Amino acid sequence: MKILVCISKAPDTTSKIAFTDGDTKFDENGVQYIVNPYDEWYALVRALELTEANGGTVTTITVGTAADDPTIRKALAIGATDAVRVDAEAKDPYFVAKQISEYAKANSFDIVLTGKETINYNGAQIGSMVAEMLDQPFASLVQKLDVSGNTATLERDVPGGAEVIEVNTPFVLSAAKGMAEQRIPNMRGIMAARTKPLNVIPAVETAELTSIVSYSLPAAKSACKYIDADSINELVELLHNEAKVI
Amino acid sequence: MSVLVFIETKGKISKAAKEAVTYGSKIGPTTVVTFGEADAASLASIGDNGASKVLVCRNLNEGNDQQLTKLIAAAADDCGADVIIVSQDQLGKAVGPRVAANLEAGHVSGAISIPDTSSGFVVKTNVFSGKAFANVSVNTPKKVISLLPNSIAPESTGGSAEVVEFNPELGTAGITIKEMKTQGEGVLLPEAELVVSAGRGLKGPENWGMVEELATTLGAATACSRPVADIGWRPHHEHVGQTGVAIRPNLYIAAGISGAIQHLAGVNGSKTIVVINTDSEAPFFKAADYGIVGDAFEVVPKLNEAIKTFKASQN
Ligand SMILES: Cc1cc2nc3c(=O)[nH]c(=O)nc-3n(C[C@H](O)[C@H](O)[C@H](O)COP(=O)(O)OP(=O)(O)OC[C@H]3O[C@@H](n4cnc5c(N)ncnc54)[C@H](O)[C@@H]3O)c2cc1C
Ligand SMILES: Nc1ncnc2c1ncn2[C@@H]1O[C@H](COP(=O)(O)O)[C@@H](O)[C@H]1O
């Protein structure tokens, strides 16, 4: 089985969010980057479990600059076979999806895995776009993945319950919580990652279909109104008359 | 600008569908495309939210990304749509970006406002888990917008839509649904306007009765913090936050939750937040509109009684 896992970096979940250059750029000052949790904890680890059980390879792909290399090395340390970096600033989602789908087309994988979403832009766009570009089915927000031969059985929560779905390879999938348990890379993995192949390839040209023109921060919250636990009716009154939510 | 809105019509017309149609009709003349068995009368009622026409595909009963993409692209062609809108829910997330890729159209994910067309076409979106907004410019003639639920209030125009059967060639579905496991009764979390949530402060799963009672009294959905779902006190689909579900209800009541930044990331879009915590220093109070420093085991049942009395007095 040949699996491609899409890996992106994301600011640490505790990062302070601020902008520079007249609110047009994310302020990276003091920001620690981590591997996007959905990519690392779920997509990558499940891909490794499947190839460990059935044989095969796990290649990671990242669209980014050399600044992304530590993220990629971490994925290799966790156990990926090799890595590809498409050497370009991730301009917009269509651009990123195009790079991934072009590489996937040229190297035919059984499964392409993405995370549910990047935790910074929360776009949840790449997997769906890649699937369309590859003309393959897209199984979104999957929480359980089992493969037997050419058939995969998947489970996911849907509004009002859960569904079990079946899909034949090749297909694209986005991984949500529950698919696997986080793995901490060990010393051997970290050493091995230094010598595993990280192939840097050029980007294909595409137009920029969308661009972010500016950012803004939410208006500061007004201070919390404290209500005494013994005068709970006051809270009910405020929820009804002031907040108008009940 | 001519608009196409894709909605799902299982059973009744959902609130998310009404929001998307209202949103679309603020941009331009709006056609709706949907699929399944909904009866003509309920489809015509979508006109009340501003659509003039509903295209319904009867050849499809279960949504899947590949066939729906073909359906939406064909409908966009049929009505000459410049802007295509989907609700950013489970199905929308699978289909919206796919339709955009199909049409080579720019896609806006997580839209929360009507496009600003004063110079170009710019839409405000939620990014960094609700900690910031981005203004996204769409540079293509065709545009696809995924609208975050609870971003616009559905409006009623009193209109009625013309319902037309629309059955283009859709190819085959790559995905087959083998089994549906339905969850018990109750309000669905992603659609809920009111949510009662609790965390590790509740000590054990046996103490959730009072949370469920308060939710029932309010007609609210229940939610929880991540550790609570991780230890199995509550089902995973109730976990809200950065790595769980992101929700934007009108009211979020949090009992025994500290308010870690990753938790806030999933709930900070709530219009009103009530925090109940024994620790006056709990970080959640900084994000709260109303706070009670107190023991959830006393406050939650009391609040339940008070709301019951209030509701009775309203009738
Ligand atoms: C990468 C990453 C992603 C994460 N994603 C999420 C996420 O999506 N969602 C999420 O929730 N967390 C997430 N977390 C975990 C998060 O950091 C916190 O650990 C978690 O939210 C804490 O849950 P809690 O508030 O229920 O528990 P605790 O932090 O243990 O807080 C319990 C609270 O209950 C109060 N309390 C105790 N007894 C009572 C009582 N009798 N009455 C009232 N109050 C009482 C305490 O004062 C305390 O404030 C993530 C963490 C990481 C590192
Ligand atoms: N620059 C990138 N390079 C590789 N994969 C990416 C990149 N950005 C996003 N992805 C993948 O696409 C998923 C969804 O991202 P998004 O659509 O940005 O929310 C992520 O979880 C990653 O698996």
# chains A, B, ... in the order shown; residues from 1 in each chain; ligands from 1

call {"tool": "residues_near_ligand", "arguments": {"ligand": "ligand 2", "cutoff": "7 Å", "atoms": "only C-alpha atoms and all ligand atoms", "output": "short mmCIF file (atom, residue, chain, number, x, y, z; two decimals) with N, CA, C and O atoms, in the first residue's frame"}}
result
data_model
loop_
_atom_site.label_atom_id
_atom_site.label_comp_id
_atom_site.auth_asym_id
_atom_site.auth_seq_id
_atom_site.Cartn_x
_atom_site.Cartn_y
_atom_site.Cartn_z
N VAL A 5 0.58 11.36 2.87
CA VAL A 5 -0.01 12.14 3.97
C VAL A 5 0.38 13.61 3.81
O VAL A 5 1.56 13.93 3.71
N CYS A 6 -0.63 14.47 3.79
CA CYS A 6 -0.38 15.92 3.65
C CYS A 6 -0.11 16.52 5.02
O CYS A 6 -0.93 16.40 5.93
N ILE A 7 1.04 17.14 5.14
CA ILE A 7 1.48 17.66 6.43
C ILE A 7 1.66 19.17 6.34
O ILE A 7 2.34 19.66 5.43
N SER A 8 1.07 19.90 7.27
CA SER A 8 1.31 21.34 7.30
C SER A 8 1.71 21.75 8.70
O SER A 8 1.50 21.01 9.65
N ASN A 36 0.62 20.44 12.38
CA ASN A 36 -0.83 20.56 12.55
C ASN A 36 -1.37 19.29 13.21
O ASN A 36 -1.18 18.19 12.69
N TYR A 38 -4.10 17.55 13.57
CA TYR A 38 -4.86 16.54 12.82
C TYR A 38 -3.97 15.75 11.87
O TYR A 38 -4.19 14.57 11.64
N ASP A 39 -2.98 16.41 11.31
CA ASP A 39 -2.08 15.75 10.36
C ASP A 39 -1.19 14.75 11.09
O ASP A 39 -0.98 13.63 10.65
N ILE A 61 3.82 14.94 2.19
CA ILE A 61 4.01 16.06 1.27
C ILE A 61 3.63 17.35 1.98
O ILE A 61 2.65 17.40 2.72
N THR A 62 4.44 18.36 1.77
CA THR A 62 4.22 19.66 2.38
C THR A 62 4.46 20.72 1.33
O THR A 62 5.45 20.66 0.61
N VAL A 63 3.56 21.67 1.22
CA VAL A 63 3.79 22.80 0.33
C VAL A 63 4.29 23.93 1.22
O VAL A 63 3.54 24.44 2.06
N GLY A 64 5.53 24.29 1.07
CA GLY A 64 6.08 25.31 1.95
C GLY A 64 7.54 25.59 1.65
O GLY A 64 8.12 25.05 0.71
N ALA A 90 2.81 28.81 0.53
CA ALA A 90 1.44 28.34 0.28
C ALA A 90 0.55 29.56 0.02
O ALA A 90 0.12 30.22 0.95
N PRO A 93 -5.49 28.14 -0.98
CA PRO A 93 -5.81 26.71 -0.91
C PRO A 93 -5.78 26.02 -2.27
O PRO A 93 -5.32 24.88 -2.39
N VAL A 96 -2.25 25.21 -3.16
CA VAL A 96 -1.72 24.08 -2.37
C VAL A 96 -2.30 22.75 -2.89
O VAL A 96 -1.56 21.78 -3.13
N LEU A 113 -4.11 11.10 2.49
CA LEU A 113 -4.70 11.51 3.76
C LEU A 113 -4.39 12.97 4.05
O LEU A 113 -3.25 13.40 3.90
N THR A 114 -5.40 13.72 4.49
CA THR A 114 -5.14 15.07 5.00
C THR A 114 -5.71 15.14 6.41
O THR A 114 -6.44 14.25 6.84
N GLY A 115 -5.38 16.20 7.13
CA GLY A 115 -6.03 16.46 8.41
C GLY A 115 -7.40 17.06 8.17
O GLY A 115 -7.71 17.48 7.06
N LYS A 116 -8.21 17.09 9.21
CA LYS A 116 -9.55 17.68 9.11
C LYS A 116 -9.48 19.13 8.67
O LYS A 116 -10.21 19.59 7.82
N GLU A 117 -8.55 19.88 9.27
CA GLU A 117 -8.35 21.28 8.91
C GLU A 117 -7.03 21.74 9.51
O GLU A 117 -6.52 21.10 10.43
N THR A 118 -6.48 22.83 8.97
CA THR A 118 -5.33 23.43 9.65
C THR A 118 -5.90 24.25 10.79
O THR A 118 -6.93 24.91 10.63
N ILE A 119 -5.24 24.21 11.95
CA ILE A 119 -5.86 24.90 13.08
C ILE A 119 -5.62 26.40 13.05
O ILE A 119 -6.10 27.11 13.90
N TYR A 121 -5.93 28.41 9.76
CA TYR A 121 -6.91 28.96 8.84
C TYR A 121 -8.25 28.23 8.89
O TYR A 121 -9.25 28.73 8.39
N ASN A 122 -8.29 27.05 9.51
CA ASN A 122 -9.54 26.32 9.69
C ASN A 122 -10.33 26.20 8.40
O ASN A 122 -11.56 26.23 8.42
N GLY A 123 -9.63 26.08 7.29
CA GLY A 123 -10.33 26.13 6.02
C GLY A 123 -11.01 24.83 5.65
O GLY A 123 -12.04 24.83 5.00
N ALA A 124 -10.44 23.70 6.06
CA ALA A 124 -10.96 22.38 5.67
C ALA A 124 -11.22 22.32 4.17
O ALA A 124 -12.28 21.93 3.72
N GLN A 125 -10.24 22.77 3.39
CA GLN A 125 -10.46 22.87 1.95
C GLN A 125 -9.60 21.92 1.12
O GLN A 125 -10.03 21.46 0.06
N ILE A 126 -8.38 21.67 1.58
CA ILE A 126 -7.39 21.02 0.73
C ILE A 126 -7.84 19.63 0.27
O ILE A 126 -7.77 19.30 -0.91
N GLY A 127 -8.29 18.79 1.21
CA GLY A 127 -8.65 17.42 0.86
C GLY A 127 -9.73 17.36 -0.21
O GLY A 127 -9.62 16.62 -1.20
#

call {"tool": "residues_near_ligand", "arguments": {"ligand": "ligand 1", "cutoff": "6 Å", "atoms": "only C-alpha atoms and all ligand atoms", "output": "ChimeraX atom specification"}}
result
/A:13 /B:199-201,225-227,240-244,255-260,262-263,276-279,282,295-297

call {"tool": "write_last_selection", "arguments": {"atoms": "C-alpha atoms", "output": "PDB file, in the first residue's frame"}}
result
ATOM      1  CA  THR A  13      -2.315  26.257  20.140  1.00  0.00           C
TER       2      THR A  13
ATOM      3  CA  GLY B 199     -15.886  19.723  32.263  1.00  0.00           C
ATOM      4  CA  ARG B 200     -13.683  17.815  34.620  1.00  0.00           C
ATOM      5  CA  GLY B 201     -15.019  19.859  37.525  1.00  0.00           C
ATOM      6  CA  SER B 225     -14.428  19.636  27.384  1.00  0.00           C
ATOM      7  CA  ARG B 226     -11.844  17.395  25.761  1.00  0.00           C
ATOM      8  CA  PRO B 227     -10.546  15.472  28.792  1.00  0.00           C
ATOM      9  CA  VAL B 240     -15.944  21.165  21.746  1.00  0.00           C
ATOM     10  CA  GLY B 241     -12.774  23.145  21.182  1.00  0.00           C
ATOM     11  CA  GLN B 242      -9.840  23.493  18.886  1.00  0.00           C
ATOM     12  CA  THR B 243      -9.604  19.754  18.263  1.00  0.00           C
ATOM     13  CA  GLY B 244     -13.306  19.057  18.667  1.00  0.00           C
ATOM     14  CA  ALA B 255     -19.925  24.411  34.330  1.00  0.00           C
ATOM     15  CA  GLY B 256     -16.684  23.099  35.830  1.00  0.00           C
ATOM     16  CA  ILE B 257     -14.586  23.983  32.778  1.00  0.00           C
ATOM     17  CA  SER B 258     -11.391  25.962  33.359  1.00  0.00           C
ATOM     18  CA  GLY B 259     -11.460  27.761  30.006  1.00  0.00           C
ATOM     19  CA  ALA B 260      -8.134  26.674  28.484  1.00  0.00           C
ATOM     20  CA  GLN B 262      -7.929  25.341  23.222  1.00  0.00           C
ATOM     21  CA  HIS B 263     -11.391  25.021  24.722  1.00  0.00           C
ATOM     22  CA  ILE B 276     -19.952  28.497  36.611  1.00  0.00           C
ATOM     23  CA  ASN B 277     -16.729  27.663  38.434  1.00  0.00           C
ATOM     24  CA  THR B 278     -15.598  27.348  42.062  1.00  0.00           C
ATOM     25  CA  ASP B 279     -12.315  29.070  41.247  1.00  0.00           C
ATOM     26  CA  ALA B 282     -10.481  30.341  36.324  1.00  0.00           C
ATOM     27  CA  ASP B 295     -20.149  24.968  43.112  1.00  0.00           C
ATOM     28  CA  ALA B 296     -21.708  23.500  39.970  1.00  0.00           C
ATOM     29  CA  PHE B 297     -23.398  20.853  42.102  1.00  0.00           C
TER      30      PHE B 297
END

call {"tool": "atom_distance", "arguments": {"atom1": "atom CA of A:Asp68", "atom2": "atom CA of A:Gly55"}}
result
28.2 Å

call {"tool": "closest_atom_pairs", "arguments": {"of": "chain A", "to": "chain B", "cutoff": "6 Å", "atoms": "only C-alpha atoms", "output": "Markdown table"}}
result
| residue | atom | partner | partner_atom | distance |
| --- | --- | --- | --- | --- |
| A:Asn120 | CA | B:Phe128 | CA | 4.2 |
| A:Tyr121 | CA | B:Val127 | CA | 4.8 |
| A:Gly123 | CA | B:Ser109 | CA | 5.3 |
| A:Gln125 | CA | B:Pro97 | CA | 5.4 |
| A:Ser128 | CA | B:Arg98 | CA | 5.0 |
| A:Met129 | CA | B:Arg98 | CA | 4.7 |
| A:Glu132 | CA | B:Arg98 | CA | 5.5 |
| A:Pro137 | CA | B:Gly174 | CA | 5.2 |
| A:Ser140 | CA | B:Ala94 | CA | 5.8 |
| A:Gly160 | CA | B:Gln183 | CA | 5.4 |
| A:Gly161 | CA | B:Thr182 | CA | 4.1 |
| A:Ala162 | CA | B:Lys181 | CA | 5.0 |
| A:Glu163 | CA | B:Met180 | CA | 4.5 |
| A:Val164 | CA | B:Glu179 | CA | 5.1 |
| A:Ile165 | CA | B:Ile177 | CA | 4.4 |
| A:Glu166 | CA | B:Thr176 | CA | 5.3 |
| A:Val167 | CA | B:Ile175 | CA | 4.9 |
| A:Leu209 | CA | B:Gly106 | CA | 4.6 |
| A:Thr210 | CA | B:Val138 | CA | 4.5 |
| A:Ser211 | CA | B:Ser137 | CA | 5.2 |
| A:Ile212 | CA | B:Val136 | CA | 4.4 |
| A:Val213 | CA | B:Asn135 | CA | 5.6 |
| A:Ser214 | CA | B:Asn135 | CA | 5.3 |
| A:Tyr215 | CA | B:Ala134 | CA | 4.3 |
| A:Ser216 | CA | B:Phe133 | CA | 5.2 |
| A:Leu217 | CA | B:Ala132 | CA | 4.6 |
| A:Cys224 | CA | B:Asp289 | CA | 4.6 |
| A:Lys225 | CA | B:Tyr290 | CA | 4.7 |
| A:Tyr226 | CA | B:Gly291 | CA | 4.7 |
| A:Ile227 | CA | B:Ile292 | CA | 5.3 |
| A:Ala229 | CA | B:Ile292 | CA | 6.0 |

call {"tool": "write_last_selection", "arguments": {"atoms": "N, CA, C and O atoms", "output": "tab-separated table (two decimals), in the first residue's frame"}}
result
chain	number	residue	atom	x	y	z
A	120	ASN	N	-4.90	26.90	12.05
A	120	ASN	CA	-4.82	28.37	11.95
A	120	ASN	C	-5.88	28.92	11.00
A	120	ASN	O	-6.68	29.77	11.36
A	121	TYR	N	-5.93	28.41	9.76
A	121	TYR	CA	-6.91	28.96	8.84
A	121	TYR	C	-8.25	28.23	8.89
A	121	TYR	O	-9.25	28.73	8.39
A	123	GLY	N	-9.63	26.08	7.29
A	123	GLY	CA	-10.33	26.13	6.02
A	123	GLY	C	-11.01	24.83	5.65
A	123	GLY	O	-12.04	24.83	5.00
A	125	GLN	N	-10.24	22.77	3.39
A	125	GLN	CA	-10.46	22.87	1.95
A	125	GLN	C	-9.60	21.92	1.12
A	125	GLN	O	-10.03	21.46	0.06
A	128	SER	N	-10.76	18.14	-0.01
A	128	SER	CA	-11.89	18.18	-0.95
A	128	SER	C	-11.43	18.62	-2.34
A	128	SER	O	-11.81	18.04	-3.36
A	129	MET	N	-10.56	19.63	-2.38
A	129	MET	CA	-10.07	20.11	-3.68
A	129	MET	C	-9.16	19.07	-4.35
A	129	MET	O	-9.26	18.84	-5.56
A	132	GLU	N	-11.16	16.36	-5.99
A	132	GLU	CA	-11.76	16.77	-7.26
A	132	GLU	C	-10.70	16.79	-8.37
A	132	GLU	O	-10.95	16.33	-9.48
A	137	PRO	N	-13.09	9.79	-4.98
A	137	PRO	CA	-14.01	10.09	-3.88
A	137	PRO	C	-13.27	10.75	-2.72
A	137	PRO	O	-12.08	10.49	-2.51
A	140	SER	N	-14.77	12.67	4.10
A	140	SER	CA	-14.38	13.78	4.96
A	140	SER	C	-14.61	13.46	6.42
A	140	SER	O	-15.53	12.71	6.78
A	160	GLY	N	-26.63	13.86	14.11
A	160	GLY	CA	-27.66	12.91	14.53
A	160	GLY	C	-27.18	11.48	14.68
A	160	GLY	O	-27.97	10.58	14.93
A	161	GLY	N	-25.90	11.23	14.53
A	161	GLY	CA	-25.43	9.87	14.73
A	161	GLY	C	-24.07	9.62	14.12
A	161	GLY	O	-23.21	10.50	14.12
A	162	ALA	N	-23.88	8.41	13.61
A	162	ALA	CA	-22.62	8.06	12.98
A	162	ALA	C	-22.93	7.21	11.78
A	162	ALA	O	-23.98	6.57	11.72
A	163	GLU	N	-22.04	7.19	10.79
A	163	GLU	CA	-22.26	6.31	9.66
A	163	GLU	C	-21.01	5.50	9.36
A	163	GLU	O	-19.90	5.92	9.62
A	164	VAL	N	-21.27	4.30	8.82
A	164	VAL	CA	-20.19	3.45	8.36
A	164	VAL	C	-20.23	3.53	6.84
A	164	VAL	O	-21.28	3.32	6.24
A	165	ILE	N	-19.11	3.87	6.23
A	165	ILE	CA	-19.10	3.97	4.77
A	165	ILE	C	-18.00	3.10	4.18
A	165	ILE	O	-17.04	2.73	4.85
A	166	GLU	N	-18.20	2.76	2.91
A	166	GLU	CA	-17.22	1.94	2.22
A	166	GLU	C	-16.76	2.67	0.97
A	166	GLU	O	-17.56	3.33	0.31
A	167	VAL	N	-15.50	2.55	0.67
A	167	VAL	CA	-14.97	3.22	-0.51
A	167	VAL	C	-13.78	2.40	-1.02
A	167	VAL	O	-13.06	1.79	-0.23
A	209	LEU	N	-6.40	32.30	-6.91
A	209	LEU	CA	-7.85	32.49	-7.02
A	209	LEU	C	-8.41	33.33	-5.88
A	209	LEU	O	-9.42	34.01	-6.04
A	210	THR	N	-7.77	33.23	-4.72
A	210	THR	CA	-8.20	34.08	-3.58
A	210	THR	C	-6.97	34.67	-2.93
A	210	THR	O	-5.88	34.12	-3.04
A	211	SER	N	-7.15	35.80	-2.25
A	211	SER	CA	-6.03	36.36	-1.47
A	211	SER	C	-6.58	37.01	-0.21
A	211	SER	O	-7.71	37.53	-0.22
A	212	ILE	N	-5.78	36.96	0.85
A	212	ILE	CA	-6.22	37.60	2.09
A	212	ILE	C	-5.78	39.06	2.03
A	212	ILE	O	-4.59	39.35	1.90
A	213	VAL	N	-6.74	39.99	2.08
A	213	VAL	CA	-6.36	41.40	1.96
A	213	VAL	C	-6.04	42.01	3.33
A	213	VAL	O	-5.19	42.88	3.43
A	214	SER	N	-6.70	41.53	4.38
A	214	SER	CA	-6.36	42.05	5.71
A	214	SER	C	-6.92	41.14	6.78
A	214	SER	O	-7.76	40.28	6.52
A	215	TYR	N	-6.42	41.35	7.99
A	215	TYR	CA	-6.90	40.61	9.17
A	215	TYR	C	-7.47	41.60	10.17
A	215	TYR	O	-7.14	42.79	10.15
A	216	SER	N	-8.31	41.10	11.07
A	216	SER	CA	-8.70	41.93	12.20
A	216	SER	C	-8.93	41.05	13.41
A	216	SER	O	-9.07	39.83	13.28
A	217	LEU	N	-8.95	41.67	14.57
A	217	LEU	CA	-9.17	40.93	15.81
A	217	LEU	C	-10.57	41.24	16.32
A	217	LEU	O	-11.10	42.33	16.06
A	224	CYS	N	-16.80	40.56	32.53
A	224	CYS	CA	-17.80	39.60	32.99
A	224	CYS	C	-18.64	40.20	34.12
A	224	CYS	O	-18.11	40.86	35.01
A	225	LYS	N	-19.96	40.00	34.05
A	225	LYS	CA	-20.83	40.43	35.15
A	225	LYS	C	-20.97	39.27	36.11
A	225	LYS	O	-21.41	38.19	35.70
A	226	TYR	N	-20.61	39.48	37.35
A	226	TYR	CA	-20.71	38.39	38.33
A	226	TYR	C	-22.07	38.42	39.02
A	226	TYR	O	-22.59	39.47	39.37
A	227	ILE	N	-22.60	37.23	39.19
A	227	ILE	CA	-23.90	37.08	39.84
A	227	ILE	C	-23.70	36.18	41.04
A	227	ILE	O	-23.00	35.17	40.95
A	229	ALA	N	-24.25	33.34	43.65
A	229	ALA	CA	-24.87	32.02	43.52
A	229	ALA	C	-26.22	31.96	44.22
A	229	ALA	O	-27.07	31.13	43.88

call {"tool": "closest_residue", "arguments": {"among": "A:Val84, A:Ile17, A:Ala53, A:Leu145", "to": "A:Asn199", "atoms": "only C-alpha atoms"}}
result
A:Val84

call {"tool": "select_by_dssp", "arguments": {"residues": "stretch 250-296 of chain B", "states": "strand (DSSP E)", "output": "short mmCIF file (atom, residue, chain, number, x, y, z; two decimals) with C-alpha atoms, in the first residue's frame"}}
result
data_model
loop_
_atom_site.label_atom_id
_atom_site.label_comp_id
_atom_site.auth_asym_id
_atom_site.auth_seq_id
_atom_site.Cartn_x
_atom_site.Cartn_y
_atom_site.Cartn_z
CA LEU B 251 -25.96 30.85 24.67
CA TYR B 252 -23.12 28.69 26.01
CA ILE B 253 -23.26 27.67 29.67
CA ALA B 254 -19.99 26.16 30.96
CA ALA B 255 -19.92 24.41 34.33
CA THR B 272 -23.44 34.92 25.29
CA ILE B 273 -21.26 32.87 27.64
CA VAL B 274 -22.17 31.93 31.22
CA VAL B 275 -19.43 30.43 33.39
CA ILE B 276 -19.95 28.50 36.61
CA ASN B 277 -16.73 27.66 38.43
CA TYR B 290 -21.98 36.33 33.08
CA GLY B 291 -20.13 34.48 35.81
CA ILE B 292 -21.08 32.66 38.96
CA VAL B 293 -18.28 31.79 41.33
#

call {"tool": "atom_distance", "arguments": {"atom1": "atom CA of B:Ser42", "atom2": "atom CA of B:Ala161"}}
result
9.8 Å

call {"tool": "atom_distance", "arguments": {"atom1": "atom CA of A:Thr14", "atom2": "atom CA of B:His239"}}
result
18.7 Å

call {"tool": "select_by_dssp", "arguments": {"residues": "stretch 66-236 of chain B", "states": "helix (DSSP H, G or I)", "output": "PyMOL selection string"}}
result
chain B and resi 66-79+90-103+128-130+189-191+200-202+205-207+209-218+226-230+236

call {"tool": "residues_around", "arguments": {"residues": "stretch 46-48 of chain B", "least_positions_apart": "6", "cutoff": "6 Å", "atoms": "only C-alpha atoms", "output": "CSV table (one decimal) with N, CA, C and O atoms, in the first residue's frame"}}
result
chain,number,residue,atom,x,y,z
B,156,SER,N,-37.7,36.4,6.7
B,156,SER,CA,-38.9,35.9,6.1
B,156,SER,C,-39.4,37.0,5.1
B,156,SER,O,-39.6,38.1,5.5
B,157,THR,N,-39.7,36.6,3.8
B,157,THR,CA,-40.1,37.6,2.9
B,157,THR,C,-41.6,37.4,2.5
B,157,THR,O,-42.2,38.2,1.8
B,158,GLY,N,-42.1,36.2,2.9
B,158,GLY,CA,-43.5,35.9,2.5
B,158,GLY,C,-43.6,35.3,1.1
B,158,GLY,O,-44.7,35.0,0.7
B,159,GLY,N,-42.5,35.2,0.4
B,159,GLY,CA,-42.5,34.7,-0.9
B,159,GLY,C,-42.7,33.1,-1.0
B,159,GLY,O,-42.6,32.4,0.0
B,160,SER,N,-42.9,32.7,-2.2
B,160,SER,CA,-42.9,31.2,-2.5
B,160,SER,C,-42.1,30.9,-3.7
B,160,SER,O,-42.1,31.7,-4.6
B,161,ALA,N,-41.4,29.8,-3.7
B,161,ALA,CA,-40.5,29.5,-4.8
B,161,ALA,C,-41.1,28.5,-5.8
B,161,ALA,O,-41.9,27.7,-5.4

call {"tool": "residues_around", "arguments": {"residues": "A:Glu205", "least_positions_apart": "3", "cutoff": "12 Å", "atoms": "only C-alpha atoms", "output": "list in words"}}
result
Val86, Asp87, Ala88, Lys91, Tyr94, Phe95, Val96, Lys98, Gln99, Glu102, Pro202 and Glu208 of chain A

call {"tool": "residues_around", "arguments": {"residues": "stretch 103-111 of chain A", "least_positions_apart": "3", "cutoff": "6 Å", "atoms": "only C-alpha atoms", "output": "list of chain:residue names"}}
result
A:Lys2, A:Ile3, A:Ile100, A:Thr169, A:Pro170, A:Phe171, A:Val172

call {"tool": "write_last_selection", "arguments": {"atoms": "C-alpha atoms", "output": "CSV table (one decimal), in the first residue's frame"}}
result
chain,number,residue,atom,x,y,z
A,2,LYS,CA,1.3,3.5,-1.0
A,3,ILE,CA,0.0,6.3,1.2
A,100,ILE,CA,-0.5,18.0,-4.0
A,169,THR,CA,-9.0,2.8,-3.4
A,170,PRO,CA,-7.8,5.2,-4.7
A,171,PHE,CA,-9.5,7.8,-2.6
A,172,VAL,CA,-8.8,11.0,-0.5

call {"tool": "closest_residue", "arguments": {"among": "B:Ala76, B:Leu43, B:Ile152, B:Val56", "to": "B:Ala16", "atoms": "only C-alpha atoms"}}
result
B:Ile152

call {"tool": "decode", "arguments": {"residues": "stretch 109-118 of chain A", "atoms": "N, CA, C and O atoms", "output": "PDB file, in the first residue's frame"}}
result
ATOM      1  N   PHE A 109      -0.991   7.038  -5.643  1.00  0.00           N
ATOM      2  CA  PHE A 109      -1.101   6.497  -4.287  1.00  0.00           C
ATOM      3  C   PHE A 109      -2.439   5.787  -4.114  1.00  0.00           C
ATOM      4  O   PHE A 109      -3.410   6.095  -4.798  1.00  0.00           O
ATOM      5  N   ASP A 110      -2.477   4.842  -3.183  1.00  0.00           N
ATOM      6  CA  ASP A 110      -3.743   4.171  -2.886  1.00  0.00           C
ATOM      7  C   ASP A 110      -4.660   5.085  -2.073  1.00  0.00           C
ATOM      8  O   ASP A 110      -5.863   5.125  -2.285  1.00  0.00           O
ATOM      9  N   ILE A 111      -4.045   5.793  -1.123  1.00  0.00           N
ATOM     10  CA  ILE A 111      -4.831   6.705  -0.282  1.00  0.00           C
ATOM     11  C   ILE A 111      -4.050   8.001  -0.100  1.00  0.00           C
ATOM     12  O   ILE A 111      -2.841   7.976   0.130  1.00  0.00           O
ATOM     13  N   VAL A 112      -4.749   9.139  -0.226  1.00  0.00           N
ATOM     14  CA  VAL A 112      -4.161  10.424   0.155  1.00  0.00           C
ATOM     15  C   VAL A 112      -4.874  10.872   1.424  1.00  0.00           C
ATOM     16  O   VAL A 112      -6.108  10.977   1.452  1.00  0.00           O
ATOM     17  N   LEU A 113      -4.115  11.096   2.487  1.00  0.00           N
ATOM     18  CA  LEU A 113      -4.703  11.509   3.762  1.00  0.00           C
ATOM     19  C   LEU A 113      -4.388  12.972   4.055  1.00  0.00           C
ATOM     20  O   LEU A 113      -3.248  13.400   3.895  1.00  0.00           O
ATOM     21  N   THR A 114      -5.398  13.719   4.490  1.00  0.00           N
ATOM     22  CA  THR A 114      -5.140  15.075   5.002  1.00  0.00           C
ATOM     23  C   THR A 114      -5.711  15.140   6.413  1.00  0.00           C
ATOM     24  O   THR A 114      -6.440  14.249   6.837  1.00  0.00           O
ATOM     25  N   GLY A 115      -5.385  16.204   7.132  1.00  0.00           N
ATOM     26  CA  GLY A 115      -6.034  16.457   8.415  1.00  0.00           C
ATOM     27  C   GLY A 115      -7.405  17.061   8.169  1.00  0.00           C
ATOM     28  O   GLY A 115      -7.712  17.484   7.060  1.00  0.00           O
ATOM     29  N   LYS A 116      -8.209  17.086   9.205  1.00  0.00           N
ATOM     30  CA  LYS A 116      -9.553  17.679   9.110  1.00  0.00           C
ATOM     31  C   LYS A 116      -9.477  19.135   8.674  1.00  0.00           C
ATOM     32  O   LYS A 116     -10.209  19.595   7.818  1.00  0.00           O
ATOM     33  N   GLU A 117      -8.546  19.877   9.267  1.00  0.00           N
ATOM     34  CA  GLU A 117      -8.351  21.275   8.907  1.00  0.00           C
ATOM     35  C   GLU A 117      -7.033  21.736   9.507  1.00  0.00           C
ATOM     36  O   GLU A 117      -6.520  21.102  10.428  1.00  0.00           O
ATOM     37  N   THR A 118      -6.480  22.828   8.971  1.00  0.00           N
ATOM     38  CA  THR A 118      -5.332  23.426   9.649  1.00  0.00           C
ATOM     39  C   THR A 118      -5.901  24.246  10.790  1.00  0.00           C
ATOM     40  O   THR A 118      -6.927  24.914  10.629  1.00  0.00           O
TER      41      THR A 118
END
